[in-house]
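The file target_9.pdb comes next; it holds PDB, C-alpha atoms and all ligand atoms.
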```pdb
ATOM      1  CA  MET A  27       8.814 -84.221  54.006
ATOM      2  CA  ALA A  28       6.869 -81.668  51.998
ATOM      3  CA  ASN A  29       7.691 -79.849  48.784
ATOM      4  CA  LEU A  30       7.224 -76.143  48.203
ATOM      5  CA  VAL A  31       7.600 -75.142  44.559
ATOM      6  CA  LEU A  32       8.004 -71.431  43.839
ATOM      7  CA  VAL A  33       7.495 -70.308  40.225
ATOM      8  CA  ARG A  34       7.876 -66.860  38.698
ATOM      9  CA  HIS A  35       5.192 -66.149  36.112
ATOM     10  CA  GLY A  36       6.116 -66.298  32.425
ATOM     11  CA  GLU A  37       7.265 -63.200  30.555
ATOM     12  CA  SER A  38       4.589 -60.497  30.486
ATOM     13  CA  THR A  39       3.972 -57.955  27.736
ATOM     14  CA  SER A  40       5.526 -55.330  30.064
ATOM     15  CA  ASN A  41       8.608 -57.493  30.701
ATOM     16  CA  LEU A  42       8.954 -57.687  26.929
ATOM     17  CA  ALA A  43       8.621 -53.903  26.586
ATOM     18  CA  ASN A  44      11.110 -53.371  29.483
ATOM     19  CA  VAL A  45       8.511 -51.436  31.468
ATOM     20  CA  PHE A  46       8.220 -51.217  35.279
ATOM     21  CA  THR A  47       5.121 -53.289  35.963
ATOM     22  CA  GLY A  48       4.369 -53.802  39.657
ATOM     23  CA  TRP A  49       0.590 -53.858  40.070
ATOM     24  CA  LEU A  50      -0.177 -53.093  36.389
ATOM     25  CA  ASP A  51      -2.341 -56.026  35.351
ATOM     26  CA  VAL A  52      -0.744 -57.040  32.063
ATOM     27  CA  PRO A  53      -1.044 -60.397  30.259
ATOM     28  CA  LEU A  54       1.637 -62.909  29.364
ATOM     29  CA  SER A  55       3.462 -62.397  26.085
ATOM     30  CA  PRO A  56       3.505 -65.334  23.636
ATOM     31  CA  THR A  57       6.959 -66.176  25.050
ATOM     32  CA  GLY A  58       5.465 -66.064  28.555
ATOM     33  CA  GLU A  59       2.707 -68.485  27.561
ATOM     34  CA  ALA A  60       5.362 -70.844  26.186
ATOM     35  CA  GLU A  61       7.416 -70.479  29.398
ATOM     36  CA  ALA A  62       4.371 -71.476  31.461
ATOM     37  CA  HIS A  63       3.978 -74.639  29.375
ATOM     38  CA  THR A  64       7.687 -75.359  29.897
ATOM     39  CA  VAL A  65       7.217 -74.980  33.664
ATOM     40  CA  ALA A  66       4.346 -77.480  33.540
ATOM     41  CA  GLU A  67       6.565 -79.889  31.634
ATOM     42  CA  LYS A  68       9.488 -79.487  34.066
ATOM     43  CA  LEU A  69       7.165 -80.171  36.997
ATOM     44  CA  ARG A  70       5.884 -83.387  35.457
ATOM     45  CA  GLY A  71       5.828 -86.070  38.151
ATOM     46  CA  TYR A  72       5.470 -83.610  41.068
ATOM     47  CA  HIS A  73       2.526 -84.001  43.412
ATOM     48  CA  PHE A  74       0.607 -80.958  44.702
ATOM     49  CA  ASP A  75      -2.112 -80.723  47.344
ATOM     50  CA  ALA A  76      -2.864 -77.049  46.697
ATOM     51  CA  ALA A  77      -1.737 -74.187  44.476
ATOM     52  CA  TYR A  78      -1.491 -70.438  45.025
ATOM     53  CA  SER A  79      -0.898 -67.423  42.838
ATOM     54  CA  SER A  80      -1.232 -63.678  43.126
ATOM     55  CA  ASP A  81      -4.419 -62.115  41.802
ATOM     56  CA  LEU A  82      -2.615 -60.510  38.845
ATOM     57  CA  ILE A  83      -3.389 -61.935  35.398
ATOM     58  CA  ARG A  84       0.197 -62.901  34.526
ATOM     59  CA  ALA A  85       0.475 -65.126  37.614
ATOM     60  CA  GLU A  86      -3.066 -66.498  37.372
ATOM     61  CA  ARG A  87      -2.580 -67.385  33.710
ATOM     62  CA  THR A  88       0.760 -69.082  34.402
ATOM     63  CA  LEU A  89      -0.884 -71.144  37.141
ATOM     64  CA  ASP A  90      -3.894 -71.911  34.910
ATOM     65  CA  ILE A  91      -1.577 -73.295  32.229
ATOM     66  CA  ILE A  92       0.214 -75.491  34.783
ATOM     67  CA  VAL A  93      -2.874 -76.884  36.495
ATOM     68  CA  ALA A  94      -4.554 -77.582  33.153
ATOM     69  CA  ARG A  95      -2.395 -80.727  33.132
ATOM     70  CA  PRO A  96      -4.565 -83.721  34.074
ATOM     71  CA  ALA A  97      -2.349 -84.627  37.053
ATOM     72  CA  TRP A  98      -3.210 -81.332  38.791
ATOM     73  CA  ALA A  99      -6.641 -80.562  37.357
ATOM     74  CA  THR A 100      -8.478 -81.092  40.660
ATOM     75  CA  ILE A 101      -6.176 -79.417  43.181
ATOM     76  CA  PRO A 102      -7.623 -76.411  45.040
ATOM     77  CA  VAL A 103      -6.358 -73.086  43.659
ATOM     78  CA  HIS A 104      -6.148 -69.840  45.634
ATOM     79  CA  HIS A 105      -5.460 -66.295  44.374
ATOM     80  CA  ALA A 106      -4.131 -63.781  46.891
ATOM     81  CA  GLY A 107      -3.385 -60.069  46.688
ATOM     82  CA  ALA A 108      -0.658 -60.621  49.294
ATOM     83  CA  LEU A 109       1.355 -62.538  46.681
ATOM     84  CA  ARG A 110       1.375 -59.657  44.188
ATOM     85  CA  GLU A 111       4.519 -58.094  42.782
ATOM     86  CA  ARG A 112       5.907 -55.118  44.708
ATOM     87  CA  MET A 113       3.880 -51.967  44.063
ATOM     88  CA  TYR A 114       6.265 -49.997  41.855
ATOM     89  CA  GLY A 115       4.628 -46.628  42.600
ATOM     90  CA  ASP A 116       5.507 -43.739  40.295
ATOM     91  CA  LEU A 117       7.737 -46.012  38.210
ATOM     92  CA  GLN A 118       4.837 -48.177  37.002
ATOM     93  CA  GLY A 119       4.456 -47.894  33.238
ATOM     94  CA  LEU A 120       7.867 -46.229  32.706
ATOM     95  CA  ASN A 121      10.524 -47.759  30.481
ATOM     96  CA  LYS A 122      13.379 -49.093  32.632
ATOM     97  CA  ALA A 123      16.185 -48.003  30.294
ATOM     98  CA  GLU A 124      14.777 -44.476  29.874
ATOM     99  CA  THR A 125      14.303 -44.175  33.638
ATOM    100  CA  ALA A 126      17.914 -45.240  34.201
ATOM    101  CA  LEU A 127      19.070 -42.508  31.816
ATOM    102  CA  LYS A 128      17.008 -39.950  33.720
ATOM    103  CA  TYR A 129      17.919 -40.904  37.309
ATOM    104  CA  GLY A 130      21.233 -42.767  36.851
ATOM    105  CA  GLN A 131      21.883 -46.498  37.013
ATOM    106  CA  ALA A 132      22.865 -46.476  40.712
ATOM    107  CA  GLN A 133      19.508 -44.990  41.718
ATOM    108  CA  ILE A 134      17.622 -47.466  39.539
ATOM    109  CA  ASP A 135      19.602 -50.391  40.954
ATOM    110  CA  SER A 136      18.780 -49.228  44.470
ATOM    111  CA  TRP A 137      15.031 -48.953  43.730
ATOM    112  CA  ARG A 138      14.999 -52.324  41.970
ATOM    113  CA  ARG A 139      17.280 -54.472  44.096
ATOM    114  CA  SER A 140      17.911 -52.961  47.541
ATOM    115  CA  TYR A 141      16.088 -54.445  50.509
ATOM    116  CA  ALA A 142      15.021 -51.296  52.313
ATOM    117  CA  VAL A 143      14.758 -48.464  49.750
ATOM    118  CA  PRO A 144      11.248 -48.046  48.282
ATOM    119  CA  PRO A 145      10.787 -46.721  44.748
ATOM    120  CA  PRO A 146       8.903 -43.355  44.856
ATOM    121  CA  GLY A 147       5.311 -44.020  45.931
ATOM    122  CA  GLY A 148       5.880 -47.780  45.980
ATOM    123  CA  GLU A 149       6.878 -50.682  48.213
ATOM    124  CA  SER A 150      10.418 -51.608  49.233
ATOM    125  CA  LEU A 151      11.413 -55.235  48.992
ATOM    126  CA  GLN A 152      11.150 -55.311  52.792
ATOM    127  CA  GLN A 153       7.510 -54.148  52.685
ATOM    128  CA  THR A 154       6.685 -56.566  49.863
ATOM    129  CA  GLN A 155       8.319 -59.383  51.818
ATOM    130  CA  ALA A 156       6.419 -58.515  55.005
ATOM    131  CA  ARG A 157       2.955 -58.940  53.446
ATOM    132  CA  ALA A 158       3.979 -62.033  51.470
ATOM    133  CA  VAL A 159       5.547 -63.709  54.522
ATOM    134  CA  LYS A 160       2.490 -62.867  56.640
ATOM    135  CA  TYR A 161       0.314 -64.678  54.091
ATOM    136  CA  PHE A 162       2.810 -67.530  53.756
ATOM    137  CA  GLU A 163       2.879 -68.095  57.528
ATOM    138  CA  ALA A 164      -0.920 -67.936  57.840
ATOM    139  CA  GLU A 165      -1.972 -69.976  54.825
ATOM    140  CA  ILE A 166       0.898 -72.022  53.402
ATOM    141  CA  ALA A 167       3.339 -72.911  56.193
ATOM    142  CA  PRO A 168       0.722 -74.864  58.230
ATOM    143  CA  LYS A 169       0.019 -77.033  55.182
ATOM    144  CA  LEU A 170       3.729 -77.695  54.619
ATOM    145  CA  ARG A 171       4.159 -78.610  58.294
ATOM    146  CA  ALA A 172       1.298 -81.086  57.835
ATOM    147  CA  GLY A 173       3.204 -82.691  54.952
ATOM    148  CA  GLN A 174       1.293 -81.163  52.027
ATOM    149  CA  ASP A 175       3.032 -80.288  48.757
ATOM    150  CA  ILE A 176       2.365 -76.723  47.629
ATOM    151  CA  LEU A 177       2.806 -74.822  44.358
ATOM    152  CA  VAL A 178       3.113 -71.019  44.404
ATOM    153  CA  VAL A 179       3.192 -68.824  41.280
ATOM    154  CA  SER A 180       4.230 -65.291  42.089
ATOM    155  CA  HIS A 181       6.487 -62.443  40.985
ATOM    156  CA  GLY A 182      10.167 -61.524  40.816
ATOM    157  CA  ASN A 183      10.405 -59.350  43.909
ATOM    158  CA  THR A 184       7.788 -61.197  45.937
ATOM    159  CA  LEU A 185       9.737 -64.405  45.375
ATOM    160  CA  ARG A 186      13.039 -62.675  46.204
ATOM    161  CA  GLY A 187      11.462 -61.696  49.535
ATOM    162  CA  LEU A 188      10.086 -65.171  50.196
ATOM    163  CA  ARG A 189      13.362 -66.845  49.272
ATOM    164  CA  MET A 190      15.290 -64.434  51.504
ATOM    165  CA  TYR A 191      12.969 -65.379  54.380
ATOM    166  CA  LEU A 192      13.106 -69.131  53.759
ATOM    167  CA  GLU A 193      16.871 -69.272  53.139
ATOM    168  CA  HIS A 194      17.822 -66.698  55.798
ATOM    169  CA  LEU A 195      19.619 -64.485  53.268
ATOM    170  CA  THR A 196      21.075 -61.136  54.320
ATOM    171  CA  PRO A 197      19.961 -57.818  52.731
ATOM    172  CA  GLU A 198      23.292 -57.832  50.872
ATOM    173  CA  GLU A 199      22.731 -61.360  49.567
ATOM    174  CA  VAL A 200      19.202 -60.628  48.347
ATOM    175  CA  GLU A 201      20.458 -57.670  46.289
ATOM    176  CA  SER A 202      22.067 -60.044  43.805
ATOM    177  CA  LEU A 203      19.254 -62.621  43.825
ATOM    178  CA  GLU A 204      17.679 -62.581  40.346
ATOM    179  CA  ILE A 205      14.739 -64.793  39.382
ATOM    180  CA  VAL A 206      14.041 -65.242  35.677
ATOM    181  CA  THR A 207      10.545 -65.483  34.202
ATOM    182  CA  GLY A 208       9.415 -69.103  34.403
ATOM    183  CA  GLY A 209      12.116 -69.763  37.020
ATOM    184  CA  ILE A 210      11.399 -72.668  39.377
ATOM    185  CA  CYS A 211      12.731 -73.181  42.913
ATOM    186  CA  VAL A 212      11.862 -76.442  44.689
ATOM    187  CA  TYR A 213      12.297 -76.818  48.459
ATOM    188  CA  ALA A 214      11.963 -80.049  50.394
ATOM    189  CA  PHE A 215      11.146 -79.272  54.043
ATOM    190  CA  ASP A 216      10.996 -81.385  57.160
ATOM    191  CA  ALA A 217       8.001 -81.015  59.502
ATOM    192  CA  ARG A 218       9.642 -78.035  61.249
ATOM    193  CA  LEU A 219      10.185 -76.248  57.920
ATOM    194  CA  LYS A 220      13.915 -76.865  57.912
ATOM    195  CA  ILE A 221      15.183 -76.993  54.328
ATOM    196  CA  MET A 222      16.375 -80.511  53.524
ATOM    197  CA  GLU A 223      17.037 -79.798  49.854
ATOM    198  CA  ARG A 224      16.746 -76.897  47.397
ATOM    199  CA  ARG A 225      16.746 -77.301  43.647
ATOM    200  CA  LEU A 226      16.520 -74.746  40.867
ATOM    201  CA  LEU A 227      14.857 -76.166  37.741
TER
HETATM  202  O1  LIG B 301       7.350 -55.341  38.144
HETATM  203  C1  LIG B 301       8.241 -55.432  37.294
HETATM  204  O2  LIG B 301       8.588 -54.499  36.564
HETATM  205  C2  LIG B 301       8.951 -56.748  37.114
HETATM  206  O3  LIG B 301       8.069 -57.775  37.195
HETATM  207  C3  LIG B 301      10.051 -56.936  38.126
HETATM  208  O4  LIG B 301      10.767 -55.800  38.129
HETATM  209  P1  LIG B 301      12.333 -55.717  38.502
HETATM  210  O5  LIG B 301      13.096 -56.559  37.532
HETATM  211  O6  LIG B 301      12.629 -54.264  38.386
HETATM  212  O7  LIG B 301      12.478 -56.220  39.893
END
```

Output the file's structure as structure tokens, nothing else.
Ligand SMILES: O=C(O)[C@H](O)COP(=O)(O)O
Amino acid sequence: MANLVLVRHGESTSNLANVFTGWLDVPLSPTGEAEAHTVAEKLRGYHFDAAYSSDLIRAERTLDIIVARPAWATIPVHHAGALRERMYGDLQGLNKAETALKYGQAQIDSWRRSYAVPPPGGESLQQTQARAVKYFEAEIAPKLRAGQDILVVSHGNTLRGLRMYLEHLTPEEVESLEIVTGGICVYAFDARLKIMERRLL
């Protein structure tokens, strides 16, 4: 058995301002910092052999706060561009509510939650999932198959894509999958990466 723990970073300053973020490299808000400490507390007692985050500050900082706990202070930490949030293209930096007024809520919902439709100039969930899964299969899955426990701190849409892949969700099912900031999903896998248990903390 091996555990995979997926964590969404804490609230960022752009989340707080209701701004499309994507690859904008914004810090955690004070609430986000507190959420990261809460994640560390909720994971108390878990064992990790390695930890991963994207290379964006909000994910790195969330992971830094978690692994500052003595129990995890020596685990190897990796930062990967492949685990970044979806690239939000022309929407990056725009207020979500104002953009919904301009383009209509249905169009915004499609850009934000559909599987296949990319936002203008950006990545669809499908494209985001493809690069994240490629990295997962190359770097993380072999460790899980070998029985190692792994922590991953990533982003809302990247984690929606990974969870869709791991749980065999349909494009319709992933549309309604929402992951809150500081949200934790724990999988217990057997050696063939079959899910034995899934818990949301
Ligand atoms: O990049 C962003 O704006 C957020 O982190 C996630 O955006 P979403 O809620 O539109 O998927």

Can you tell me, as JSON, the centre and edge lengths (Å, one decimal) of the axis-aligned box enclosing all of ligand LIG 301 (chain B)'s listed atoms after padding each side by 4 Å?
```
{"center_x": 10.2, "center_y": -56.0, "center_z": 38.2, "size_x": 13.7, "size_y": 11.5, "size_z": 11.3}
```

**Item:** Selected residue, from A:Ala123, A:Ile91, A:Ala99, A:Met27, that lies nearest to ligand LIG 301 (chain B) when counting all atoms listed in the file
**Value:**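 Closest to ligand LIG 301 (chain B), using all atoms listed in the file: A:Ala123.
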
Give one line per residue of range 97-170 of chain A that approaches range 44-51 of chain A to at most 10 Å, naming the two atoms of the closest pair and their distance in Å to one decimal, counting all atoms listed in the file; sort by chain then ascending residue number and deliver it as a Markdown table.
```
| residue | atom | partner | partner_atom | distance |
| --- | --- | --- | --- | --- |
| A:Gly107 | CA | A:Trp49 | CA | 9.9 |
| A:Arg110 | CA | A:Trp49 | CA | 7.2 |
| A:Glu111 | CA | A:Gly48 | CA | 5.3 |
| A:Arg112 | CA | A:Gly48 | CA | 5.4 |
| A:Met113 | CA | A:Gly48 | CA | 4.8 |
| A:Tyr114 | CA | A:Gly48 | CA | 4.8 |
| A:Gly115 | CA | A:Gly48 | CA | 7.8 |
| A:Asp116 | CA | A:Phe46 | CA | 9.4 |
| A:Leu117 | CA | A:Phe46 | CA | 6.0 |
| A:Gln118 | CA | A:Phe46 | CA | 4.9 |
| A:Gly119 | CA | A:Phe46 | CA | 5.4 |
| A:Leu120 | CA | A:Val45 | CA | 5.4 |
| A:Asn121 | CA | A:Val45 | CA | 4.3 |
| A:Lys122 | CA | A:Val45 | CA | 5.5 |
| A:Ala123 | CA | A:Asn44 | CA | 7.4 |
| A:Glu124 | CA | A:Val45 | CA | 9.5 |
| A:Thr125 | CA | A:Phe46 | CA | 9.4 |
| A:Arg138 | CA | A:Phe46 | CA | 9.6 |
| A:Gly148 | CA | A:Gly48 | CA | 8.9 |
| A:Glu149 | CA | A:Gly48 | CA | 9.4 |
```

**Request:** Evaluate the PyMOL selection byres (((chain A and resi 160-162) around 12) and not hetatm) on the structure here and hand back the selected residues as a PyMOL selection string.
**Result:** chain A and resi 30+32+78-80+104-110+153-159+163-170+176-178+180+184-185+187-189+191-192

**Selected residue of minimal separation from ligand LIG 301 (chain B) among A:Leu69, A:Val103, A:Ile134, A:Val143, counting all atoms listed in the file** =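 Closest to ligand LIG 301 (chain B), using all atoms listed in the file: A:Ile134.
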
**Ground truth for the PyMOL selection byres (((chain A and resi 54) around 6) and not hetatm), written as a list in words** = Glu37, Ser38, Thr39, Pro53, Ser55, Gly58, Glu59 and Arg84 of chain A

**Request:** Using all atoms listed in the file, find the one residue out of A:Ala76, A:Ile92, A:Leu42, A:Ala62 that sits nearest to ligand LIG 301 (chain B).
**Result:**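 Of all the options, A:Leu42 lies closest to ligand LIG 301 (chain B).
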
**Request:** Just say which residues the PyMOL selection byres (((chain A and resi 211) around 6) and not hetatm) picks in this file, as a count of residues only.
**Result:** 6

**Prompt:** Which of these residues is nearest to ligand LIG 301 (chain B), using only C-alpha atoms and all ligand atoms: A:Pro96, A:Gly182, A:Gly36, A:Gly147?
**Reply:** A:Gly182

Using all atoms listed in the file, which protein or nucleic acid residues come within 7 Å of Phe215 in chain A? Drop anything in the same chain fewer than 4 positions from it, and give the result as a tab-separated table (two decimals) with C-alpha atoms, keeping the file's coordinate frame.
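And here is the file that came out, result.tsv:
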```tsv
chain	number	residue	atom	x	y	z
A	27	MET	CA	8.81	-84.22	54.01
A	28	ALA	CA	6.87	-81.67	52.00
A	29	ASN	CA	7.69	-79.85	48.78
A	219	LEU	CA	10.18	-76.25	57.92
A	220	LYS	CA	13.92	-76.86	57.91
A	221	ILE	CA	15.18	-76.99	54.33
A	222	MET	CA	16.38	-80.51	53.52
```

**Request:** Find the spatial neighbours of Val200 in chain A, counting only C-alpha atoms, within a cut-off of 7 Å - ignore same-chain residues fewer than 3 positions away - and output them as a ChimeraX atom specification.
**Result:** /A:186,190,195-197,203

**Asked** Smallest atom-to-atom distance to ligand LIG 301 (chain B): which of A:Lys128, A:Arg139, A:Arg224, A:His63, using all atoms listed in the file?
**Response**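 Using all atoms listed in the file, ligand LIG 301 (chain B) sits closest to A:Arg139.
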
**Prompt:** Counting only C-alpha atoms and all ligand atoms, which of A:Asn41, A:His194, A:Glu67, A:Glu86 gets nearest to ligand LIG 301 (chain B)?
**Reply:**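 Answer, going by the shortest atom-to-atom distance: A:Asn41.
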
**Message:** Applying 7 Å and only C-alpha atoms, which residues near Asp75 in chain A remain after dropping the ones on its own chain fewer than 2 positions away? List them as a PyMOL selection string.
**Reply:** chain A and resi 73+101+174-176

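One distance worth recording is that between CA of Ala172 in chain A and CA of Leu89 in chain A, which is 23.1 Å.
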